[in-house]
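> Next comes the structure file run-v9.cif, holding mmCIF, C-alpha atoms and all ligand atoms.
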```cif
data_model
#
loop_
_atom_site.label_atom_id
_atom_site.label_comp_id
_atom_site.auth_asym_id
_atom_site.auth_seq_id
_atom_site.Cartn_x
_atom_site.Cartn_y
_atom_site.Cartn_z
CA MET A 1 68.55 133.42 60.38
CA SER A 2 70.95 131.38 58.24
CA THR A 3 71.71 127.79 59.03
CA ASP A 4 75.22 126.47 59.66
CA ASN A 5 74.87 124.59 56.38
CA SER A 6 74.35 127.72 54.36
CA HIS A 7 77.49 129.21 55.95
CA SER A 8 79.77 126.24 55.27
CA LYS A 9 78.56 126.17 51.65
CA PHE A 10 80.23 129.57 51.24
CA ALA A 11 83.41 128.92 53.26
CA ASN A 12 86.93 129.03 51.76
CA LEU A 13 85.88 130.14 48.29
CA SER A 14 88.44 130.60 45.51
CA PHE A 15 88.16 132.84 42.44
CA ASP A 16 87.19 129.75 40.41
CA ASP A 17 84.57 128.79 43.01
CA PHE A 18 83.02 132.24 42.54
CA ARG A 19 82.92 131.67 38.77
CA LYS A 20 80.94 128.47 39.38
CA LEU A 21 78.58 130.20 41.83
CA ALA A 22 77.98 132.97 39.28
CA SER A 23 76.98 130.38 36.67
CA ASP A 24 74.63 128.45 38.96
CA PRO A 25 71.04 129.44 38.08
CA THR A 26 69.65 127.98 41.33
CA LEU A 27 71.43 130.60 43.46
CA SER A 28 70.23 134.07 44.41
CA ARG A 29 72.38 137.13 43.61
CA HIS A 30 73.63 137.16 47.20
CA GLU A 31 74.51 133.48 47.16
CA LYS A 32 76.39 133.88 43.87
CA VAL A 33 78.77 136.25 45.71
CA GLY A 34 79.12 133.93 48.68
CA PHE A 35 76.57 135.29 51.15
CA PRO A 36 73.50 133.56 52.57
CA ASP A 37 70.44 135.69 51.74
CA SER A 38 69.96 136.54 55.42
CA TYR A 39 73.27 138.48 55.39
CA ARG A 40 72.51 140.66 52.40
CA GLN A 41 68.76 140.71 51.66
CA GLY A 42 67.53 144.26 52.29
CA LYS A 43 70.94 145.39 53.54
CA GLU A 44 72.69 146.49 50.37
CA GLY A 45 71.21 150.01 50.34
CA GLU A 46 72.66 150.52 53.80
CA ILE A 47 76.04 149.06 52.77
CA PHE A 48 76.12 151.41 49.77
CA ARG A 49 75.26 154.45 51.92
CA ASP A 50 78.05 153.47 54.32
CA MET A 51 80.44 153.20 51.35
CA CYS A 52 79.43 156.58 49.90
CA GLY A 53 79.79 158.23 53.32
CA LYS A 54 83.39 157.01 53.51
CA ILE A 55 84.53 157.74 49.93
CA SER A 56 84.19 161.45 49.19
CA ASN A 57 85.10 161.15 45.48
CA LEU A 58 81.88 159.16 44.92
CA SER A 59 80.01 162.44 45.46
CA LEU A 60 82.07 164.39 42.91
CA PRO A 61 81.57 164.56 39.13
CA GLY A 62 83.90 163.35 36.40
CA LYS A 63 85.89 160.77 38.36
CA ASN A 64 87.46 157.47 37.34
CA VAL A 65 86.06 154.78 39.63
CA MET A 66 87.29 151.17 39.68
CA GLU A 67 85.53 148.32 41.46
CA ILE A 68 87.62 145.18 41.89
CA GLY A 69 85.52 142.10 42.54
CA PRO A 70 82.09 143.74 42.10
CA GLY A 71 80.34 140.37 42.01
CA CYS A 72 76.75 140.54 40.80
CA SER A 73 74.59 141.74 43.69
CA GLU A 74 72.83 145.13 43.83
CA LEU A 75 75.96 146.97 45.08
CA PRO A 76 77.68 147.31 41.67
CA VAL A 77 74.31 148.24 40.12
CA MET A 78 73.96 151.09 42.64
CA LEU A 79 77.54 152.13 41.96
CA ALA A 80 76.91 152.13 38.20
CA LYS A 81 73.87 154.40 38.67
CA ARG A 82 75.79 156.81 40.88
CA CYS A 83 78.69 156.98 38.40
CA GLU A 84 76.29 157.65 35.55
CA THR A 85 74.61 160.45 37.53
CA ASN A 86 78.04 161.95 38.29
CA ALA A 87 79.31 161.55 34.71
CA SER A 88 82.08 159.36 36.13
CA ARG A 89 83.70 156.43 34.37
CA LEU A 90 83.38 153.03 36.03
CA ILE A 91 85.75 150.11 35.58
CA PHE A 92 84.72 146.64 36.75
CA VAL A 93 87.31 143.87 37.24
CA ASP A 94 85.99 140.37 37.95
CA SER A 95 85.47 137.01 36.24
CA GLU A 96 83.67 136.88 32.90
CA GLU A 97 80.88 134.95 34.65
CA MET A 98 80.30 137.75 37.21
CA LEU A 99 80.66 140.54 34.65
CA GLU A 100 78.03 138.96 32.41
CA LEU A 101 75.48 139.46 35.20
CA LEU A 102 76.19 143.20 35.45
CA PRO A 103 74.60 145.98 33.38
CA LEU A 104 76.28 147.20 30.18
CA ALA A 105 76.48 150.96 29.68
CA GLY A 106 78.61 153.48 27.85
CA HIS A 107 80.32 154.73 31.02
CA ILE A 108 81.37 151.21 32.09
CA THR A 109 84.60 149.42 31.08
CA ARG A 110 85.06 145.77 32.03
CA TYR A 111 88.19 143.68 32.50
CA ALA A 112 87.64 139.93 32.88
CA GLY A 113 89.97 138.02 35.20
CA THR A 114 91.78 138.68 38.45
CA PHE A 115 93.19 142.05 39.39
CA PRO A 116 95.86 143.12 38.55
CA SER A 117 96.65 140.74 35.69
CA ALA A 118 93.24 141.22 34.01
CA LEU A 119 94.20 144.78 33.07
CA GLY A 120 97.20 143.58 31.04
CA GLU A 121 99.18 146.44 29.51
CA ASP A 122 96.34 148.90 30.26
CA ILE A 123 97.48 148.96 33.86
CA GLU A 124 100.23 151.39 32.87
CA GLU A 125 97.66 153.59 31.10
CA TRP A 126 95.58 153.84 34.26
CA ALA A 127 98.53 154.52 36.59
CA GLY A 128 97.93 157.70 38.60
CA LYS A 129 94.48 158.26 37.03
CA ILE A 130 92.01 156.37 39.23
CA ASP A 131 90.12 158.47 41.79
CA VAL A 132 88.31 155.65 43.61
CA ILE A 133 89.13 151.97 44.04
CA ILE A 134 86.60 149.79 45.83
CA ALA A 135 87.30 146.16 46.72
CA TYR A 136 84.41 145.22 49.01
CA SER A 137 84.65 141.81 50.65
CA VAL A 138 87.50 140.87 48.29
CA VAL A 139 90.95 141.23 49.92
CA GLN A 140 90.41 138.15 52.12
CA TYR A 141 90.35 136.05 48.93
CA VAL A 142 93.50 137.71 47.63
CA PHE A 143 95.10 136.99 51.02
CA THR A 144 94.40 133.26 50.73
CA GLU A 145 95.05 132.61 47.06
CA GLY A 146 96.87 135.58 45.56
CA ASN A 147 99.61 138.03 46.42
CA LEU A 148 98.15 140.52 48.90
CA TRP A 149 101.16 142.86 48.78
CA GLY A 150 101.25 142.84 44.98
CA PHE A 151 97.51 143.59 44.97
CA VAL A 152 97.81 146.48 47.47
CA ASP A 153 100.87 148.02 45.77
CA ARG A 154 99.18 147.87 42.34
CA CYS A 155 96.10 149.61 43.73
CA LEU A 156 98.32 152.36 45.16
CA SER A 157 100.08 152.82 41.82
CA LEU A 158 96.73 153.52 40.10
CA LEU A 159 95.60 156.30 42.47
CA SER A 160 95.42 159.93 41.38
CA ASP A 161 96.34 162.72 43.81
CA GLY A 162 93.45 162.81 46.30
CA GLY A 163 92.42 159.32 45.15
CA GLU A 164 90.74 156.99 47.63
CA ILE A 165 90.70 153.23 48.18
CA MET A 166 88.22 151.25 50.23
CA PHE A 167 89.17 147.70 51.10
CA GLY A 168 85.78 147.06 52.64
CA ASP A 169 84.19 144.32 54.70
CA VAL A 170 87.51 142.81 55.78
CA PRO A 171 86.97 139.83 58.11
CA ASN A 172 89.34 140.12 61.05
CA ILE A 173 89.48 137.01 63.20
CA THR A 174 91.08 138.86 66.14
CA MET A 175 88.20 141.33 66.10
CA ARG A 176 85.80 138.39 66.09
CA LYS A 177 87.56 136.92 69.14
CA ARG A 178 87.43 140.25 70.96
CA PHE A 179 83.69 140.41 70.30
CA PHE A 180 82.89 136.82 71.29
CA SER A 181 84.97 137.17 74.49
CA SER A 182 82.85 140.15 75.54
CA ALA A 183 79.53 140.12 77.41
CA ALA A 184 77.77 141.49 74.30
CA GLY A 185 79.32 138.73 72.18
CA LYS A 186 78.13 136.03 74.57
CA VAL A 187 74.58 137.40 74.50
CA SER A 188 74.67 137.59 70.71
CA HIS A 189 75.90 133.99 70.47
CA ARG A 190 73.09 132.76 72.77
CA GLN A 191 70.50 134.64 70.71
CA TYR A 192 71.93 133.28 67.45
CA THR A 193 72.16 129.64 68.50
CA GLY A 194 69.12 129.65 70.77
CA ARG A 195 71.20 127.65 73.26
CA ASP A 196 72.60 128.61 76.66
CA GLU A 197 76.25 128.10 75.69
CA LYS A 198 79.35 130.26 75.39
CA PRO A 199 81.02 130.91 72.02
CA GLU A 200 84.28 129.01 71.55
CA VAL A 201 87.20 131.45 71.39
CA LEU A 202 90.63 129.89 70.87
CA PHE A 203 93.99 131.63 71.07
CA ASN A 204 97.57 130.58 70.24
CA GLN A 205 96.76 128.29 67.38
CA LEU A 206 97.56 128.20 63.68
CA GLU A 207 94.86 129.91 61.60
CA PRO A 208 95.90 129.51 57.96
CA GLY A 209 94.07 131.78 55.53
CA GLN A 210 92.49 133.94 58.25
CA MET A 211 93.11 137.67 58.22
CA ASP A 212 93.77 139.00 61.71
CA ASP A 213 94.99 142.21 63.40
CA SER A 214 98.54 141.49 62.24
CA VAL A 215 97.51 141.53 58.58
CA VAL A 216 95.11 144.48 58.83
CA LEU A 217 97.65 146.61 60.69
CA ALA A 218 100.46 145.51 58.36
CA ILE A 219 98.43 146.83 55.41
CA LEU A 220 98.21 150.21 57.17
CA ALA A 221 101.92 150.18 57.98
CA ARG A 222 102.96 149.34 54.42
CA VAL A 223 100.63 151.84 52.79
CA ARG A 224 101.63 154.64 55.15
CA ALA A 225 105.32 153.88 54.63
CA GLN A 226 104.74 154.43 50.90
CA GLY A 227 103.30 157.93 51.40
CA PHE A 228 99.55 157.30 51.66
CA HIS A 229 97.16 157.99 54.54
CA ALA A 230 95.41 154.87 55.79
CA TRP A 231 92.91 154.07 58.53
CA VAL A 232 90.83 151.17 59.81
CA VAL A 233 87.24 152.29 60.32
CA PRO A 234 84.18 150.53 61.72
CA GLN A 235 81.19 149.51 59.64
CA LEU A 236 77.75 150.90 60.45
CA ALA A 237 76.67 148.99 63.56
CA THR A 238 73.51 147.88 61.77
CA LEU A 239 75.39 145.97 59.06
CA PRO A 240 75.18 142.21 59.46
CA MET A 241 78.86 141.49 60.17
CA ALA A 242 79.88 144.78 61.80
CA ASN A 243 81.01 142.98 64.97
CA ARG A 244 83.75 141.06 63.14
CA ARG A 245 84.46 142.94 59.93
CA GLU A 246 85.92 146.39 59.33
CA ASP A 247 86.91 148.69 56.47
CA ILE A 248 90.34 149.97 55.46
CA LEU A 249 90.40 153.45 53.89
CA ILE A 250 93.41 154.79 52.00
CA VAL A 251 93.91 158.28 50.59
CA LYS A 252 96.71 159.60 48.39
CA PRO A 253 97.41 163.03 49.92
C1 LIG A 301 82.53 137.92 48.36
S1 LIG A 301 82.40 138.40 46.68
C2 LIG A 301 82.06 140.13 46.91
C3 LIG A 301 81.30 140.72 45.77
C4 LIG A 301 80.89 142.19 45.96
N1 LIG A 301 82.02 143.05 46.14
C5 LIG A 301 79.94 142.30 47.12
O1 LIG A 301 80.38 142.66 48.22
O2 LIG A 301 78.75 142.01 46.93
C6 LIG A 301 84.09 138.41 46.13
C7 LIG A 301 84.22 138.80 44.66
O3 LIG A 301 85.61 139.08 44.40
C8 LIG A 301 85.98 138.49 43.18
N2 LIG A 301 87.44 138.35 43.24
C9 LIG A 301 88.19 137.61 44.08
N3 LIG A 301 89.50 137.81 43.87
C10 LIG A 301 89.59 138.73 42.85
C11 LIG A 301 90.66 139.36 42.16
N4 LIG A 301 91.94 139.13 42.47
N5 LIG A 301 90.38 140.23 41.17
C12 LIG A 301 89.09 140.51 40.84
N6 LIG A 301 88.03 139.95 41.47
C13 LIG A 301 88.28 139.08 42.47
C14 LIG A 301 85.16 137.22 43.11
O4 LIG A 301 85.00 136.74 41.79
C15 LIG A 301 83.83 137.70 43.70
O5 LIG A 301 82.99 138.25 42.69
#
```
Go through the file and emit its structure as structure tokens.
Ligand SMILES: C[S@@+](CC[C@H](N)C(=O)[O-])C[C@H]1O[C@@H](n2cnc3c(N)ncnc32)[C@H](O)[C@@H]1O


Amino acid sequence: MSTDNSHSKFANLSFDDFRKLASDPTLSRHEKVGFPDSYRQGKEGEIFRDMCGKISNLSLPGKNVMEIGPGCSELPVMLAKRCETNASRLIFVDSEEMLELLPLAGHITRYAGTFPSALGEDIEEWAGKIDVIIAYSVVQYVFTEGNLWGFVDRCLSLLSDGGEIMFGDVPNITMRKRFFSSAAGKVSHRQYTGRDEKPEVLFNQLEPGQMDDSVVLAILARVRAQGFHAWVVPQLATLPMANRREDILIVKP
């Protein structure tokens, strides 16, 4: 079980903070992408299976797949293997420091920097040609330090007909409150802390930088209004943050 210290070390990270984590040789692969080992160690196979079960184009050959914010854990390595097996092209977009830790291969193209600006003029070349976009545990950082609507709209502009987007592992603070207000949430809190106390759940307060139901549902509303299908779906219950994080799936009909 992680300590409170290990959690606060990874709170409120910026894109530049991630660059520093990536360059720190004392950190594990999970810590470099902002997770205590206890949250990711031994779980990434399951996360990847969950991802593949939700994105049908990952099972088809000859697709253009883009991962925004792949980081440097095992997830992008698994994705690279799957794309190679499927003769699909894979495009990674992240900092130079993260990209350096990922495998090089003929089917992989890399853009260093933040999406969408990292793609420069190529973004027009890719418009309408990408069959899968994955941004797993990424949009919360765009929400706090970037332009979420610009990010979402750019992703939509890249999708081919039938193309799919997964904004995965989205922390939703309203979902967290619903869980910790429930009987199951109270039991989980007692087990986690080892103390007979209730979790603190506060309403009607400012929560700068926190994604909540209003943001998650606004993403669906905006995407749908622009002609795309979009849903919020649960994570596998066995994933470490399934009680407070969820996935957004988007499909261009
Ligand atoms: C929490 S880590 C997640 C890494 C990986 N997707 C995973 O789940 O293991 C967030 C990653 O997103 C990257 N990132 C944040 N904002 C980004 C942006 N606008 N464009 C590209 N990458 C971004 C960070 O550099 C970092 O590698």

> Can you tell me which residues surround Phe15 of chain A at a distance of at most 12 Å, considering only C-alpha atoms, apart from same-chain residues fewer than 6 positions away, and format the answer as a PyMOL selection string?

chain A and resi 21-22+32-34+69+71+94-98+112-115+138-146

> Rank A:Val93, A:Lys9, A:Gln205, A:His229 by their smallest atom-to-atom distance to Ala118 of chain A, using all atoms listed in the file, and report the top residue only.

A:Val93

> Could you work out an axis-aligned bounding box for all listed atoms of segment 134-148 of chain A, with 6 Å added on each of the six sides, and give its centre and edge lengths in Å to one decimal, as AutoDock Vina command-line options?


```
--center_x 92.0 --center_y 141.2 --center_z 48.8 --size_x 27.2 --size_y 29.2 --size_z 18.6
```

> Which one of A:Pro25, A:Pro103, A:Gly45, A:Pro61 sits closest to ligand LIG 301 (chain A) if you count all atoms listed in the file?

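Using all atoms listed in the file, the shortest distance to ligand LIG 301 (chain A) belongs to A:Gly45.
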
> Give me, as a ChimeraX atom specification, all polymer residues having an atom no more than 9 Å from segment 241-250 of chain A, counting all atoms listed in the file and skipping those fewer than 4 positions away in the same chain.

/A:39,54-55,136,156,163-179,185,216,219-220,223-224,228-237

> Quick one, how far is atom CA of Asn64 of chain A from atom CA of Arg89 of chain A?

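Separating atom CA of Asn64 of chain A from atom CA of Arg89 of chain A is a distance of 4.9 Å.
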
> Calculate how many Å separate atom CA of Ala135 of chain A from atom CA of Ile68 of chain A, rounding to one decimal.

4.9 Å

> Between atom CA of Val132 of chain A and atom CA of Ser160 of chain A, measure the distance and give it in Å to one decimal.

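Between atom CA of Val132 of chain A and atom CA of Ser160 of chain A the gap is 8.6 Å.
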
> Name the closest residue to Leu101 of chain A among the candidates A:Pro70, A:Pro116, A:Gly128, A:Pro36; distances are taken between atoms, counting all atoms listed in the file.

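Looking at the shortest contact to Leu101 of chain A, the residue is A:Pro70.
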
> Tell me which protein, DNA and RNA residues are within 12 Å of Ser59 of chain A, counting all atoms listed in the file, leaving out same-chain ones fewer than 6 positions away, and put them as a PDB file with C-alpha atoms, keeping the file's coordinate frame.


```pdb
ATOM      1  CA  ARG A  49      75.260 154.450  51.920  1.00  0.00           C
ATOM      2  CA  MET A  51      80.440 153.200  51.350  1.00  0.00           C
ATOM      3  CA  CYS A  52      79.430 156.580  49.900  1.00  0.00           C
ATOM      4  CA  GLY A  53      79.790 158.230  53.320  1.00  0.00           C
ATOM      5  CA  VAL A  65      86.060 154.780  39.630  1.00  0.00           C
ATOM      6  CA  LEU A  79      77.540 152.130  41.960  1.00  0.00           C
ATOM      7  CA  ARG A  82      75.790 156.810  40.880  1.00  0.00           C
ATOM      8  CA  CYS A  83      78.690 156.980  38.400  1.00  0.00           C
ATOM      9  CA  GLU A  84      76.290 157.650  35.550  1.00  0.00           C
ATOM     10  CA  THR A  85      74.610 160.450  37.530  1.00  0.00           C
ATOM     11  CA  ASN A  86      78.040 161.950  38.290  1.00  0.00           C
ATOM     12  CA  ALA A  87      79.310 161.550  34.710  1.00  0.00           C
ATOM     13  CA  SER A  88      82.080 159.360  36.130  1.00  0.00           C
ATOM     14  CA  ASP A 131      90.120 158.470  41.790  1.00  0.00           C
ATOM     15  CA  VAL A 132      88.310 155.650  43.610  1.00  0.00           C
TER      16      VAL A 132
END
```
